[in-house]
>>> print(open('data27.tsv').read())   # TSV, C-alpha atoms
chain	number	residue	atom	x	y	z
A	85	MET	CA	0.00	0.00	0.00
A	86	LEU	CA	1.10	3.64	-0.57
A	87	GLY	CA	2.12	2.57	0.56
A	88	THR	CA	3.63	3.94	2.07
A	89	ALA	CA	2.36	7.22	5.98
A	90	LEU	CA	-0.88	7.08	5.38
A	91	ALA	CA	-4.25	6.75	6.88
A	92	GLY	CA	-7.88	6.90	5.88
A	93	ALA	CA	-10.82	5.57	3.95
A	94	LEU	CA	-13.46	7.33	1.97
A	95	ALA	CA	-17.12	6.50	1.62
A	96	LEU	CA	-18.69	8.26	-1.31
A	97	THR	CA	-22.31	8.32	-2.38
A	98	THR	CA	-23.61	9.29	-5.77
A	99	VAL	CA	-27.24	9.69	-6.77
A	100	SER	CA	-28.01	9.46	-10.46
A	101	ALA	CA	-31.07	9.13	-12.62
A	102	CYS	CA	-29.07	8.06	-15.67
A	103	GLY	CA	-27.38	4.86	-16.76
A	104	GLY	CA	-30.37	2.72	-17.65
A	105	GLN	CA	-30.74	1.17	-14.21
A	106	GLY	CA	-34.41	2.06	-13.74
A	107	ASP	CA	-36.62	5.10	-13.30
A	108	GLY	CA	-35.48	6.07	-9.81
A	109	PRO	CA	-32.24	7.59	-8.58
A	110	VAL	CA	-29.20	5.35	-8.24
A	111	THR	CA	-26.81	5.54	-5.30
A	112	LEU	CA	-23.14	4.67	-5.80
A	113	LYS	CA	-20.95	4.00	-2.79
A	114	LEU	CA	-17.16	4.23	-2.93
A	115	VAL	CA	-14.80	3.36	-0.09
A	116	ALA	CA	-11.26	4.60	-0.70
A	117	ALA	CA	-8.01	5.30	1.11
A	118	ASP	CA	-6.97	8.69	2.46
A	119	TYR	CA	-3.32	9.62	2.00
A	120	GLY	CA	-2.90	12.48	4.47
A	121	GLU	CA	-1.07	12.40	7.78
A	122	SER	CA	-3.43	14.86	9.53
A	123	PRO	CA	-6.85	16.47	9.13
A	124	GLU	CA	-5.15	19.34	7.31
A	125	THR	CA	-3.58	17.05	4.70
A	126	SER	CA	-6.47	14.58	4.51
A	127	SER	CA	-7.44	13.57	0.99
A	128	LYS	CA	-11.03	14.30	1.96
A	129	HIS	CA	-10.30	17.82	0.73
A	130	TYR	CA	-9.32	16.43	-2.67
A	131	TRP	CA	-12.40	14.25	-2.94
A	132	ASP	CA	-14.66	17.13	-1.91
A	133	GLU	CA	-13.33	19.04	-4.91
A	134	ILE	CA	-13.81	16.02	-7.18
A	135	ALA	CA	-17.38	15.70	-5.93
A	136	LYS	CA	-18.09	19.37	-6.56
A	137	GLY	CA	-16.70	19.20	-10.10
A	138	PHE	CA	-18.52	15.97	-10.93
A	139	GLU	CA	-21.83	17.32	-9.64
A	140	ALA	CA	-21.44	20.48	-11.72
A	141	ALA	CA	-20.82	18.39	-14.83
A	142	ASN	CA	-23.61	15.92	-14.05
A	143	PRO	CA	-26.81	17.67	-12.87
A	144	GLY	CA	-28.91	15.46	-10.60
A	145	ILE	CA	-25.91	13.44	-9.35
A	146	LYS	CA	-24.80	13.99	-5.76
A	147	ILE	CA	-21.57	12.92	-4.05
A	148	ASP	CA	-21.37	12.30	-0.29
A	149	VAL	CA	-17.80	12.06	1.03
A	150	GLU	CA	-16.79	10.39	4.31
A	151	VAL	CA	-13.23	9.69	5.55
A	152	ASP	CA	-12.19	6.87	7.91
A	153	SER	CA	-8.80	5.42	8.88
A	154	TRP	CA	-6.66	3.14	6.66
A	155	THR	CA	-6.58	0.47	9.31
A	156	ASP	CA	-10.37	0.22	9.27
A	157	ILE	CA	-10.88	-0.01	5.52
A	158	GLY	CA	-10.82	-3.80	5.17
A	159	LYS	CA	-13.23	-4.48	8.00
A	160	LYS	CA	-15.46	-1.62	6.91
A	161	VAL	CA	-15.93	-3.10	3.45
A	162	GLU	CA	-16.44	-6.63	4.75
A	163	ASP	CA	-19.08	-5.38	7.18
A	164	MET	CA	-20.84	-3.50	4.38
A	165	VAL	CA	-20.88	-6.60	2.18
A	166	ALA	CA	-22.08	-8.81	5.05
A	167	ALA	CA	-24.91	-6.37	5.75
A	168	GLY	CA	-26.03	-6.48	2.09
A	169	LYS	CA	-24.76	-2.92	1.52
A	170	SER	CA	-21.91	-3.58	-0.89
A	171	PRO	CA	-20.01	-0.55	-2.12
A	172	ASP	CA	-19.92	0.15	-5.82
A	173	LEU	CA	-16.32	1.33	-5.81
A	174	LEU	CA	-13.38	0.58	-3.53
A	175	GLN	CA	-9.98	2.27	-3.64
A	176	THR	CA	-7.35	0.54	-1.52
A	177	GLY	CA	-4.16	-1.51	-1.66
A	178	GLY	CA	-5.26	-4.81	-3.23
A	179	PHE	CA	-8.03	-6.46	-5.17
A	180	ALA	CA	-7.41	-10.20	-5.66
A	181	ASP	CA	-9.36	-11.20	-2.53
A	182	GLN	CA	-12.42	-9.43	-3.92
A	183	VAL	CA	-11.94	-11.24	-7.25
A	184	ALA	CA	-11.75	-14.56	-5.43
A	185	ALA	CA	-15.09	-13.72	-3.77
A	186	ASP	CA	-16.56	-13.02	-7.24
A	187	ARG	CA	-17.56	-9.47	-6.30
A	188	LEU	CA	-15.97	-7.37	-9.05
A	189	TYR	CA	-16.65	-6.28	-12.58
A	190	PRO	CA	-13.80	-6.88	-15.01
A	191	ALA	CA	-12.10	-3.51	-15.51
A	192	ALA	CA	-13.08	-3.46	-19.16
A	193	ASP	CA	-16.76	-3.35	-18.13
A	194	VAL	CA	-16.39	-0.07	-16.25
A	195	LEU	CA	-13.68	1.72	-18.25
A	196	SER	CA	-14.42	3.68	-21.37
A	197	MET	CA	-12.07	2.95	-24.25
A	198	ASP	CA	-10.49	6.39	-23.82
A	199	THR	CA	-9.85	5.80	-20.12
A	200	GLN	CA	-8.54	2.28	-20.65
A	201	ALA	CA	-6.05	3.53	-23.24
A	202	LYS	CA	-4.51	5.98	-20.75
A	203	PHE	CA	-3.01	3.45	-18.35
A	204	MET	CA	0.68	2.62	-18.42
A	205	GLU	CA	1.07	-0.96	-19.60
A	206	ASN	CA	2.93	-2.41	-16.61
A	207	PHE	CA	0.12	-1.36	-14.25
A	208	ALA	CA	-2.62	-2.82	-16.40
A	209	HIS	CA	-0.77	-6.14	-16.36
A	210	ALA	CA	-0.25	-5.98	-12.58
A	211	GLY	CA	-4.01	-5.55	-12.19
A	212	GLN	CA	-4.81	-8.93	-13.75
A	213	VAL	CA	-6.04	-12.15	-12.21
A	214	LEU	CA	-5.73	-15.18	-14.49
A	215	GLY	CA	-5.38	-12.95	-17.53
A	216	THR	CA	-8.35	-10.66	-16.83
A	217	GLN	CA	-7.85	-7.17	-15.43
A	218	TYR	CA	-9.93	-6.33	-12.35
A	219	GLY	CA	-7.67	-3.90	-10.53
A	220	ILE	CA	-7.74	-0.36	-11.93
A	221	PRO	CA	-4.47	1.37	-10.94
A	222	PHE	CA	-4.98	4.62	-9.02
A	223	VAL	CA	-1.59	5.85	-7.78
A	224	SER	CA	1.93	4.45	-7.71
A	225	SER	CA	5.37	4.94	-6.22
A	226	SER	CA	8.75	3.29	-6.00
A	227	ARG	CA	11.35	3.40	-3.22
A	228	VAL	CA	14.78	4.97	-2.78
A	229	LEU	CA	17.24	5.34	0.09
A	230	PHE	CA	16.87	8.60	2.02
A	231	TYR	CA	19.80	9.85	4.11
A	232	ASN	CA	20.42	12.82	6.38
A	233	LYS	CA	23.29	14.85	4.91
A	234	ALA	CA	24.01	16.72	8.14
A	235	VAL	CA	24.34	13.47	10.10
A	236	PHE	CA	26.57	12.04	7.37
A	237	ARG	CA	28.89	15.06	7.63
A	238	GLN	CA	29.08	14.71	11.42
A	239	ALA	CA	30.02	11.04	10.99
A	240	GLY	CA	32.60	11.79	8.29
A	241	ILE	CA	30.64	10.02	5.54
A	242	THR	CA	31.05	11.55	2.08
A	243	GLN	CA	28.58	9.57	-0.03
A	244	PRO	CA	25.55	7.31	0.43
A	245	PRO	CA	26.09	3.54	0.67
A	246	ALA	CA	25.74	1.41	-2.46
A	247	THR	CA	26.20	-2.01	-0.84
A	248	TRP	CA	25.07	-3.64	2.38
A	249	ASN	CA	28.59	-3.60	3.83
A	250	GLU	CA	28.87	0.12	3.13
A	251	LEU	CA	25.49	0.68	4.81
A	252	ARG	CA	26.65	-1.27	7.89
A	253	GLN	CA	29.95	0.64	8.02
A	254	ASP	CA	28.15	3.98	7.71
A	255	ALA	CA	25.68	2.94	10.43
A	256	GLU	CA	28.58	2.05	12.75
A	257	LYS	CA	30.18	5.48	12.18
A	258	ILE	CA	26.89	7.23	12.91
A	259	LYS	CA	26.35	5.27	16.11
A	260	SER	CA	29.81	6.15	17.41
A	261	LYS	CA	29.96	9.79	16.31
A	262	VAL	CA	26.34	11.03	16.36
A	263	PRO	CA	24.71	9.82	19.60
A	264	GLY	CA	20.94	9.98	19.84
A	265	VAL	CA	20.38	9.22	16.16
A	266	THR	CA	19.19	5.79	14.97
A	267	PRO	CA	21.56	4.93	12.12
A	268	TYR	CA	19.05	2.96	10.00
A	269	GLY	CA	15.26	2.95	10.31
A	270	LEU	CA	13.97	-0.61	9.77
A	271	PRO	CA	10.13	-0.62	9.90
A	272	LEU	CA	9.04	-4.27	9.94
A	273	GLY	CA	5.82	-3.57	11.84
A	274	PRO	CA	2.41	-4.24	10.25
A	275	GLU	CA	2.20	-0.97	8.30
A	276	GLU	CA	5.34	-1.45	6.22
A	277	ALA	CA	6.51	-5.06	6.63
A	278	PRO	CA	5.66	-6.32	3.09
A	279	ALA	CA	7.39	-3.37	1.40
A	280	GLU	CA	10.51	-3.26	3.59
A	281	SER	CA	10.82	-7.06	3.42
A	282	MET	CA	10.52	-7.10	-0.36
A	283	LEU	CA	13.06	-4.29	-0.76
A	284	TRP	CA	15.61	-6.24	1.26
A	285	THR	CA	14.90	-9.58	-0.44
A	286	LEU	CA	15.17	-7.96	-3.88
A	287	SER	CA	18.44	-6.26	-3.01
A	288	GLY	CA	19.70	-9.61	-1.69
A	289	GLY	CA	19.01	-11.42	-4.96
A	290	GLY	CA	15.70	-12.98	-3.90
A	291	SER	CA	12.04	-11.94	-3.68
A	292	LEU	CA	8.81	-12.88	-1.94
A	293	SER	CA	7.61	-14.78	-5.02
A	294	ASP	CA	9.11	-15.95	-8.30
A	295	ASP	CA	8.29	-14.78	-11.81
A	296	VAL	CA	5.32	-17.15	-12.15
A	297	GLY	CA	3.80	-16.32	-8.77
A	298	ASN	CA	5.08	-19.15	-6.55
A	299	TYR	CA	5.95	-17.95	-3.06
A	300	THR	CA	9.66	-18.06	-2.21
A	301	ILE	CA	9.59	-16.48	1.24
A	302	ASP	CA	11.92	-19.08	2.78
A	303	SER	CA	14.40	-19.24	-0.11
A	304	PRO	CA	18.11	-19.55	0.73
A	305	GLN	CA	18.64	-15.98	-0.51
A	306	ASN	CA	15.93	-14.63	1.80
A	307	GLN	CA	17.21	-16.62	4.78
A	308	ALA	CA	20.63	-15.10	4.16
A	309	THR	CA	19.11	-11.61	3.87
A	310	PHE	CA	17.28	-11.74	7.19
A	311	SER	CA	20.26	-13.36	8.90
A	312	TRP	CA	22.38	-10.45	7.68
A	313	LEU	CA	19.87	-7.93	9.02
A	314	LYS	CA	19.79	-9.67	12.39
A	315	ASN	CA	23.57	-10.01	12.70
A	316	ASN	CA	24.66	-6.72	11.14
A	317	LEU	CA	21.98	-4.14	11.96
A	318	VAL	CA	19.59	-5.30	14.67
A	319	GLY	CA	22.01	-7.24	16.91
A	320	PRO	CA	24.66	-4.48	17.01
A	321	GLY	CA	22.03	-1.85	17.85
A	322	LEU	CA	22.24	0.02	14.54
A	323	THR	CA	18.45	0.20	14.19
A	324	TYR	CA	15.45	-0.07	16.52
A	325	SER	CA	15.66	-2.79	19.17
A	326	ASP	CA	12.52	-4.52	17.87
A	327	PRO	CA	11.86	-3.57	14.22
A	328	GLY	CA	8.78	-5.81	14.19
A	329	LYS	CA	7.03	-3.23	16.39
A	330	MET	CA	8.04	-0.22	14.30
A	331	ASN	CA	5.55	1.04	11.73
A	332	ARG	CA	6.38	3.22	8.74
A	333	THR	CA	4.64	6.37	9.97
A	334	PRO	CA	6.67	6.83	13.20
A	335	VAL	CA	9.91	5.89	11.38
A	336	PHE	CA	9.19	8.48	8.68
A	337	GLN	CA	8.39	10.98	11.44
A	338	ASP	CA	11.69	10.17	13.16
A	339	PHE	CA	13.58	10.86	9.92
A	340	ALA	CA	11.69	14.13	9.45
A	341	ALA	CA	12.69	15.07	13.01
A	342	GLY	CA	16.37	14.29	12.48
A	343	LYS	CA	16.27	11.18	14.68
A	344	VAL	CA	16.97	8.60	11.93
A	345	ALA	CA	19.93	8.85	9.55
A	346	MET	CA	18.94	6.41	6.78
A	347	LEU	CA	15.82	4.57	5.64
A	348	ASN	CA	14.01	3.34	2.55
A	349	GLY	CA	11.22	5.74	1.61
A	350	HIS	CA	8.61	6.63	-0.98
A	351	PRO	CA	7.82	10.10	-2.37
A	352	THR	CA	5.64	11.17	0.55
A	353	LEU	CA	8.79	11.38	2.65
A	354	LEU	CA	10.05	14.19	0.40
A	355	ARG	CA	7.27	16.42	1.69
A	356	MET	CA	7.67	15.32	5.31
A	357	ALA	CA	11.45	15.79	5.36
A	358	THR	CA	11.20	19.18	3.67
A	359	ALA	CA	8.58	20.30	6.18
A	360	GLY	CA	10.92	19.14	8.97
A	361	LYS	CA	13.73	21.26	7.48
A	362	ILE	CA	15.95	18.19	7.09
A	363	GLU	CA	18.90	18.47	4.70
A	364	PHE	CA	18.51	15.12	2.98
A	365	GLY	CA	19.67	13.25	-0.08
A	366	THR	CA	18.38	10.21	-1.95
A	367	ALA	CA	20.12	7.31	-3.67
A	368	PRO	CA	19.31	3.88	-5.14
A	369	ILE	CA	18.54	1.11	-2.65
A	370	PRO	CA	21.86	-0.49	-1.55
A	371	LYS	CA	22.42	-4.01	-2.87
A	372	LYS	CA	24.22	-7.00	-1.38
A	373	ASP	CA	27.68	-6.85	-2.96
A	374	GLY	CA	26.09	-5.16	-5.99
A	375	ILE	CA	24.26	-8.36	-7.05
A	376	GLY	CA	20.69	-7.48	-6.10
A	377	ARG	CA	18.01	-6.96	-8.71
A	378	THR	CA	17.92	-3.73	-10.66
A	379	GLY	CA	15.04	-1.32	-10.29
A	380	SER	CA	13.01	-0.90	-7.14
A	381	LEU	CA	9.81	-2.05	-5.51
A	382	GLY	CA	6.85	-0.76	-7.46
A	383	VAL	CA	3.85	-0.09	-5.26
A	384	ALA	CA	0.40	0.63	-6.63
A	385	ASP	CA	-2.97	1.24	-5.03
A	386	TRP	CA	-6.10	0.25	-6.86
A	387	LEU	CA	-9.66	1.17	-7.70
A	388	MET	CA	-12.15	-1.65	-8.22
A	389	ALA	CA	-15.83	-1.86	-9.14
A	390	PHE	CA	-18.32	-4.10	-7.32
A	391	LYS	CA	-21.14	-5.66	-9.32
A	392	ALA	CA	-23.62	-6.38	-6.50
A	393	ASN	CA	-25.71	-3.27	-7.16
A	394	GLY	CA	-25.68	-3.46	-10.95
A	395	HIS	CA	-24.52	0.13	-11.42
A	396	LYS	CA	-22.04	-0.51	-14.21
A	397	ASN	CA	-22.97	2.50	-16.36
A	398	GLU	CA	-22.92	4.96	-13.47
A	399	ILE	CA	-19.58	3.62	-12.30
A	400	LYS	CA	-18.11	4.04	-15.78
A	401	LYS	CA	-19.25	7.66	-15.91
A	402	PHE	CA	-17.70	8.54	-12.56
A	403	VAL	CA	-14.47	6.65	-13.23
A	404	SER	CA	-14.00	8.51	-16.50
A	405	TYR	CA	-14.19	11.80	-14.58
A	406	VAL	CA	-11.78	10.65	-11.85
A	407	TYR	CA	-9.13	9.70	-14.42
A	408	GLY	CA	-9.13	13.03	-16.20
A	409	LYS	CA	-5.52	14.24	-16.44
A	410	ASP	CA	-6.02	17.33	-14.26
A	411	ASN	CA	-7.78	15.30	-11.55
A	412	GLN	CA	-5.00	12.71	-11.52
A	413	LEU	CA	-2.25	15.32	-11.41
A	414	ARG	CA	-3.92	17.21	-8.57
A	415	PHE	CA	-3.91	14.11	-6.36
A	416	ASP	CA	-0.41	12.97	-7.31
A	417	GLU	CA	1.09	16.43	-6.85
A	418	GLN	CA	-0.55	16.89	-3.47
A	419	TYR	CA	0.88	13.63	-2.10
A	420	ASN	CA	4.11	13.40	-4.14
A	421	LEU	CA	2.97	10.16	-5.77
A	422	LEU	CA	3.41	8.97	-9.34
A	423	PRO	CA	0.62	8.87	-11.92
A	424	VAL	CA	-0.54	5.62	-13.47
A	425	THR	CA	-1.91	7.22	-16.64
A	426	GLN	CA	0.52	8.05	-19.44
A	427	ASP	CA	-0.72	11.60	-20.03
A	428	ALA	CA	-0.34	12.59	-16.37
A	429	PHE	CA	2.97	10.71	-16.03
A	430	THR	CA	4.46	12.47	-19.07
A	431	GLN	CA	3.40	15.90	-17.83
A	432	MET	CA	4.63	15.37	-14.28
A	433	THR	CA	8.03	13.90	-15.19
A	434	GLY	CA	8.58	16.65	-17.78
A	435	ASP	CA	7.83	19.46	-15.33
A	436	PRO	CA	10.96	21.01	-13.72
A	437	LYS	CA	9.08	21.58	-10.47
A	438	HIS	CA	8.86	17.80	-10.05
A	439	GLU	CA	12.58	17.17	-10.53
A	440	ASP	CA	12.70	15.38	-7.17
A	441	LEU	CA	10.24	12.76	-8.42
A	442	LYS	CA	12.27	11.71	-11.45
A	443	GLN	CA	14.37	9.26	-9.43
A	444	PHE	CA	11.18	7.47	-8.35
A	445	ALA	CA	9.87	7.47	-11.91
A	446	THR	CA	13.14	5.91	-13.10
A	447	GLY	CA	12.83	3.17	-10.50
A	448	LEU	CA	9.27	2.51	-11.55
A	449	THR	CA	10.12	1.73	-15.18
A	450	ASN	CA	11.73	-1.62	-14.25
A	451	ALA	CA	10.26	-2.18	-10.81
A	452	SER	CA	9.18	-5.46	-9.25
A	453	PHE	CA	5.62	-5.64	-7.89
A	454	TYR	CA	3.83	-7.58	-5.21
A	455	PRO	CA	1.88	-10.59	-6.54
A	456	PHE	CA	-1.25	-8.42	-6.69
A	457	GLY	CA	-3.12	-10.87	-8.90
A	458	ASP	CA	-2.84	-13.82	-6.52
A	459	PRO	CA	-6.06	-14.23	-4.50
A	460	ALA	CA	-3.91	-15.54	-1.65
A	461	TRP	CA	-1.79	-12.37	-1.48
A	462	GLY	CA	-4.08	-10.51	0.92
A	463	GLU	CA	-3.75	-13.21	3.59
A	464	VAL	CA	-0.07	-13.83	2.83
A	465	SER	CA	0.56	-10.10	3.22
A	466	ASN	CA	-1.21	-10.22	6.59
A	467	ARG	CA	1.06	-13.08	7.68
A	468	ILE	CA	4.12	-11.06	6.67
A	469	LYS	CA	2.81	-8.03	8.54
A	470	ALA	CA	2.19	-10.07	11.67
A	471	GLY	CA	5.35	-12.14	11.80
A	472	ILE	CA	8.29	-11.27	9.59
A	473	GLY	CA	9.70	-8.79	12.11
A	474	GLN	CA	10.53	-11.81	14.29
A	475	ALA	CA	13.01	-12.95	11.60
A	476	VAL	CA	15.46	-10.25	12.71
A	477	THR	CA	15.14	-10.91	16.44
A	478	GLY	CA	14.58	-14.69	16.49
A	479	ASP	CA	15.53	-17.58	14.18
A	480	PRO	CA	15.30	-16.23	10.60
A	481	LYS	CA	15.03	-19.67	9.01
A	482	GLN	CA	12.20	-20.88	11.24
A	483	VAL	CA	10.24	-17.62	10.95
A	484	LEU	CA	10.46	-17.60	7.15
A	485	LEU	CA	9.61	-21.31	6.97
A	486	GLY	CA	6.49	-20.66	9.04
A	487	ILE	CA	5.31	-17.81	6.83
A	488	GLN	CA	6.09	-19.81	3.67
A	489	ASP	CA	4.09	-22.79	4.95
A	490	ALA	CA	1.12	-20.54	5.72
A	491	ALA	CA	1.43	-18.93	2.27
A	492	LEU	CA	1.38	-22.28	0.48
A	493	LYS	CA	-1.65	-23.44	2.47
A	494	GLU	CA	-3.53	-20.21	1.71
A	495	ALA	CA	-2.62	-20.42	-1.97
A	496	ALA	CA	-3.91	-24.00	-2.13
A	497	ARG	CA	-7.12	-23.03	-0.32
A	498	VAL	CA	-8.08	-20.15	-2.59
A	499	ARG	CA	-7.28	-22.11	-5.75
A	500	GLN	CA	-9.52	-25.04	-4.88
>>> encode(input="data27.tsv", output="structure tokens")
Amino acid sequence: MLGTALAGALALTTVSACGGQGDGPVTLKLVAADYGESPETSSKHYWDEIAKGFEAANPGIKIDVEVDSWTDIGKKVEDMVAAGKSPDLLQTGGFADQVAADRLYPAADVLSMDTQAKFMENFAHAGQVLGTQYGIPFVSSSRVLFYNKAVFRQAGITQPPATWNELRQDAEKIKSKVPGVTPYGLPLGPEEAPAESMLWTLSGGGSLSDDVGNYTIDSPQNQATFSWLKNNLVGPGLTYSDPGKMNRTPVFQDFAAGKVAMLNGHPTLLRMATAGKIEFGTAPIPKKDGIGRTGSLGVADWLMAFKANGHKNEIKKFVSYVYGKDNQLRFDEQYNLLPVTQDAFTQMTGDPKHEDLKQFATGLTNASFYPFGDPAWGEVSNRIKAGIGQAVTGDPKQVLLGIQDAALKEAARVRQ
């Protein structure tokens, strides 16, 4: 998920008399994620503007916007479905579980040809389950290493690390010369565990799954990666004492307060660090002896359309409005995220005021993605969130074996 610092969910209601669904008004409900860190930066403000513009362009259609927390979004939707009040649209971090429950329209049913043609090809492919696209990409990002330049100068470090050994050596210098600063922020708590884990496994020559979607969580490469983290960062006290309890948001906040020297981050951290008046730099993710995979972790959040209420035509009309270039750019610029439509992506990356986003865009062109299309991924991701932090404080092999076993059982269950 983007995803990032990030909290919220949006319930949106539309009333329409068009679309061929009958003589009476039609109500659309959308539940979607909010990307702000506070009421002032809440994406409710963005959606209020979208609602106002859509209503002006579509007389008789009303939009009702409600914002809730990210952590509540899954349960909120499940409760709505269980109560027979399925949403029409959901914007969140994954979609395959909803496909497995047979709740969604194929994307082609709710996208106009013009809208469908806008999406960058790698995202359309990532939105597929068994060759059919259900996930409609909404926003994206990749990851880079952030580092505090002032702390580096104090520690006598002249350039960011490119390998794991360099990162460890820099962390040791920071610990000895800059007391009170955590050398490396390692968030393996529930909010960020899948992303941080995948970044480290990729840079160690492994991944969470192979190219055909088989889970490889306990691979020899991954066991070596988590053993290295335990022995070289966590054990020597170069990061938090229990990374499994550290979520992304407080780690990002620590960096923006000058309390963390290095961490992997997405574009939202640009805004947070700038607001905190931190002199920071960015660099590619360090790789184990230079042999890790190229590119970065590509993260996308998704929009999906539920078929329970039969509002296909109304959904298509609203989705076309949401994916207008100006609407997409407004959201992406506000939260320093990357567009998923080619027209918005081209404009943003060609604009000098977004120079700081080009490094993320470069990483996105050859990024590796989560196995979004696997119906088991939602539960596997939950297992990673709940347990992988123990791999850097306990026995890495046994922890990874346990998560791998659970992943294989879940994959077998959903494919029956």
>>> residues_around(input="data27.tsv", residues="Lys343 (chain A)", least_positions_apart="4", cutoff="7 Å", atoms="all atoms listed in the file", output="PyMOL selection string")
chain A and resi 265-266+338-339
>>> closest_residue(input="data27.tsv", among="A:Gly137, A:Gly365, A:Pro459, A:Pro123", to="Thr242 (chain A)", atoms="only C-alpha atoms")
A:Gly365
>>> atom_distance(input="data27.tsv", atom1="CA of Ser452 (chain A)", atom2="CA of Thr425 (chain A)")
18.4 Å
>>> residues_around(input="data27.tsv", residues="region 329-331 of chain A", least_positions_apart="5", cutoff="12 Å", atoms="all atoms listed in the file", output="list in words")
Gly87, Thr88, Ala89, Leu90, Gly269, Leu270, Pro271, Leu272, Gly273, Pro274, Glu275, Glu276, Ala277, Pro278, Ala279, Glu280, Thr323, Tyr324, Phe336, Gln337, Asp338, Lys469, Ala470, Gly471, Ile472, Gly473, Gln474, Val476 and Thr477 of chain A
>>> atom_distance(input="data27.tsv", atom1="CA of Ala255 (chain A)", atom2="CA of Pro267 (chain A)")
4.9 Å
>>> atom_distance(input="data27.tsv", atom1="CA of Asn397 (chain A)", atom2="CA of Val110 (chain A)")
10.6 Å
>>> closest_atom_pairs(input="data27.tsv", of="region 342-404 of chain A", to="region 174-183 of chain A", cutoff="8 Å", atoms="all atoms listed in the file", output="Markdown table")
| residue | atom | partner | partner_atom | distance |
| --- | --- | --- | --- | --- |
| A:Ala384 | CA | A:Gly177 | CA | 7.1 |
| A:Asp385 | CA | A:Gly177 | CA | 4.5 |
| A:Trp386 | CA | A:Gln175 | CA | 5.4 |
| A:Leu387 | CA | A:Gln175 | CA | 4.2 |
| A:Met388 | CA | A:Leu174 | CA | 5.3 |
| A:Ala389 | CA | A:Leu174 | CA | 6.6 |
| A:Phe390 | CA | A:Leu174 | CA | 7.8 |
>>> closest_residue(input="data27.tsv", among="A:Val213, A:Leu322, A:Leu353, A:Val194", to="Gly394 (chain A)", atoms="only C-alpha atoms")
A:Val194
>>> residues_near_point(input="data27.tsv", point="(19.1, -10.6, -5.9)", cutoff="12 Å", atoms="all atoms listed in the file", output="PyMOL selection string")
chain A and resi 282-292+294+303-306+308-309+370-380+452
>>> closest_residue(input="data27.tsv", among="A:Val228, A:Ala246, A:Ala475, A:Leu188", to="Val318 (chain A)", atoms="all atoms listed in the file")
A:Ala475
>>> closest_atom_pairs(input="data27.tsv", of="region 379-470 of chain A", to="region 142-149 of chain A", cutoff="12 Å", atoms="all atoms listed in the file", output="JSON lines")
{"residue": "A:Glu398", "atom": "CA", "partner": "A:Ile145", "partner_atom": "CA", "distance": 9.9}
{"residue": "A:Lys401", "atom": "CA", "partner": "A:Asn142", "partner_atom": "CA", "distance": 9.5}
{"residue": "A:Phe402", "atom": "CA", "partner": "A:Asn142", "partner_atom": "CA", "distance": 9.6}
{"residue": "A:Tyr405", "atom": "CA", "partner": "A:Asn142", "partner_atom": "CA", "distance": 10.3}
>>> closest_residue(input="data27.tsv", among="A:Thr247, A:Leu381, A:Asp458, A:Asp416", to="His438 (chain A)", atoms="all atoms listed in the file")
A:Asp416
>>> closest_residue(input="data27.tsv", among="A:Tyr407, A:Asn316, A:Ile220, A:Tyr454", to="Trp248 (chain A)", atoms="only C-alpha atoms")
A:Asn316
>>> closest_residue(input="data27.tsv", among="A:Gly462, A:Pro221, A:Gly297, A:Pro190", to="Lys391 (chain A)", atoms="only C-alpha atoms")
A:Pro190
>>> residues_around(input="data27.tsv", residues="Asn348 (chain A)", least_positions_apart="6", cutoff="7 Å", atoms="only C-alpha atoms", output="ChimeraX atom specification")
/A:227-230
>>> residues_near_point(input="data27.tsv", point="(7.5, -0.7, -8.6)", cutoff="7 Å", atoms="only C-alpha atoms", output="list of chain:residue names")
A:Ser225, A:Ser226, A:Ser380, A:Leu381, A:Gly382, A:Val383, A:Gly447, A:Leu448, A:Ala451, A:Ser452, A:Phe453
>>> residues_around(input="data27.tsv", residues="Glu363 (chain A)", least_positions_apart="3", cutoff="12 Å", atoms="all atoms listed in the file", output="VMD selection string")
chain A and resid 230 to 237 339 to 342 345 354 356 to 360 366
>>> residues_around(input="data27.tsv", residues="region 485-495 of chain A", least_positions_apart="6", cutoff="6 Å", atoms="only C-alpha atoms", output="list in words")
Ile301, Asp302, Ala460 and Val464 of chain A
>>> decode(input="data27.tsv", residues="region 411-416 of chain A", atoms="N, CA and C atoms", output="PDB file, in the first residue's frame")
ATOM      1  N   ASN A 411      -7.393  15.905 -12.826  1.00  0.00           N
ATOM      2  CA  ASN A 411      -7.779  15.303 -11.547  1.00  0.00           C
ATOM      3  C   ASN A 411      -6.690  14.376 -11.018  1.00  0.00           C
ATOM      4  N   GLN A 412      -6.085  13.594 -11.922  1.00  0.00           N
ATOM      5  CA  GLN A 412      -5.003  12.707 -11.515  1.00  0.00           C
ATOM      6  C   GLN A 412      -3.787  13.494 -11.034  1.00  0.00           C
ATOM      7  N   LEU A 413      -3.412  14.520 -11.786  1.00  0.00           N
ATOM      8  CA  LEU A 413      -2.249  15.322 -11.410  1.00  0.00           C
ATOM      9  C   LEU A 413      -2.448  16.020 -10.069  1.00  0.00           C
ATOM     10  N   ARG A 414      -3.656  16.502  -9.821  1.00  0.00           N
ATOM     11  CA  ARG A 414      -3.916  17.208  -8.565  1.00  0.00           C
ATOM     12  C   ARG A 414      -3.662  16.291  -7.372  1.00  0.00           C
ATOM     13  N   PHE A 415      -4.123  15.048  -7.462  1.00  0.00           N
ATOM     14  CA  PHE A 415      -3.908  14.106  -6.361  1.00  0.00           C
ATOM     15  C   PHE A 415      -2.435  13.753  -6.233  1.00  0.00           C
ATOM     16  N   ASP A 416      -1.805  13.404  -7.350  1.00  0.00           N
ATOM     17  CA  ASP A 416      -0.408  12.973  -7.312  1.00  0.00           C
ATOM     18  C   ASP A 416       0.517  14.082  -6.837  1.00  0.00           C
TER      19      ASP A 416
END
